[in-house]
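**Q** Right, I'll just put the structure down here and ask away after.
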Amino acid sequence: MNISTRNLAALPSASALEGILRAYSLLDAILCPEWEYRYYSFDQNWSDHERMSSMRNGQGDHFFALFNDSGCFLKGFDQESPMSPWKQKNNEVWDGLRDGVPECFAESLTEPAFDIPNTTFCIWQKDTDEQWNRANIVFPEGEDPDGSAHMLSILDGHRDSYANWAGDYYETEIDRDAVAGILAGNAISSSLVHRLNPKQSLPLMQDDLNSIGWPIEE
């Protein structure tokens with residue numbers, strides 16, 4: 001069963017998810033030099049004690065994941081899902097969706113950059129939790145009522161999950177062993193970059209590497 005808010009047991013832990021999103025952001029930076037066309041980004045300097053990752057598909061759908069010393073808070077938005085505020089009376093967020101968010105993530109609910117008024121799913125995991133959490137809400141009918149399966153299934157951390165998606169999106173052959181190496185956290189090298197995209201280079205990626213916080217092979 002795909003990862004979704006109704007199958008959170010399949011989602012890697014908060015710490016593992018941070019590594020996955022860093023890796024996806026680096027892979028996107030290699031495959032797509034133009035930032036505005038990428039899906040994934042990562043900012044290790046979001047604040048003094050927080051890191052932030054995002055996914056934007058260029059059509060309005062997105063998620064934001066905030067990582068701090070307490071764990072991870074993640075909110076997402078699928079504009080076409082039945083739970084979209086755009087489809088509710090007075091454009092309101094689905095009833096109860098944000099209930100139970102711990103105090104350590106409370107500031108995320110008022111962070112303008114996270115576009116909280118446009119939310120269709122909301123999950124969190126504290127470092128003391130054994131599993132991910134969400135509010136106890138009533139879902140409408142449908143296979144993916146909040147769009148979470150659509151956006152979260154790729155976050156299993158398997159090389160083929162990213163490689164299959166990226167191959168379709170960027171319309172190119174993807175070196176799956178190179179993807180696996182990055183997902184394993186290996187330091188980046190010029191040769192690895194070239195294997196994934198001969199038109200990209202480490203010097204051109206310096207700002208991205210600083211933002212993502214990825215080690216460079218010496």
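The chains in the structure tokens are called A, B, ... from first to last as shown; in each chain the residues are counted from 1, and the ligands are counted from 1 in the order shown.
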How close does stretch 7-92 of chain A get to stretch 195-204 of chain A? List, as a Markdown table, each residue of stretch 7-92 of chain A within 9 Å, its nearest atom pair and the distance in Å to one decimal, counting only C-alpha atoms.
**A**
| residue | atom | partner | partner_atom | distance |
| --- | --- | --- | --- | --- |
| A:Leu27 | CA | A:Leu196 | CA | 8.3 |
| A:Ala29 | CA | A:Gln200 | CA | 8.8 |
| A:Ile30 | CA | A:Gln200 | CA | 6.2 |
| A:Leu31 | CA | A:Asn197 | CA | 5.7 |
| A:Cys32 | CA | A:Gln200 | CA | 8.2 |
| A:Pro33 | CA | A:Gln200 | CA | 6.9 |
**Q** Please list as a PyMOL selection string every residue within 7 Å of stretch 113-130 of chain A, counting only C-alpha atoms and excluding residues in the same chain fewer than 4 positions away.
**A** chain A and resi 14+64+70-78+83-85+93+97-98+109+134+146+148
**Q** Identify which of the residues A:Ser81, A:Gln88, A:Ser53, A:Ser13 lies closest to A:Glu141, counting only C-alpha atoms when measuring atom-to-atom distances.
**A**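 Once distances to A:Glu141 are computed over only C-alpha atoms, the minimum belongs to A:Ser81.
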**Q** Select, from A:Trp132, A:Tyr37, A:Tyr24, A:Phe42, the residue with the minimum atom-to-atom distance to A:Asp208, counting only C-alpha atoms.
**A**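 Closest candidate: A:Phe42.
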**Q** Go ahead and compute the interatomic distance for atom CA of A:Asn210 and atom CA of A:Ala106, in Å to one decimal.
**A**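 Value for the atom CA of A:Asn210-atom CA of A:Ala106 distance: 27.7 Å.
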**Q** If you run DSSP over the backbone, which residues in stretch 9-214 of chain A end up strand (DSSP E)? Put them as a VMD selection string.
**A** chain A and resid 40 to 47 50 to 56 62 to 68 71 to 77 121 to 126
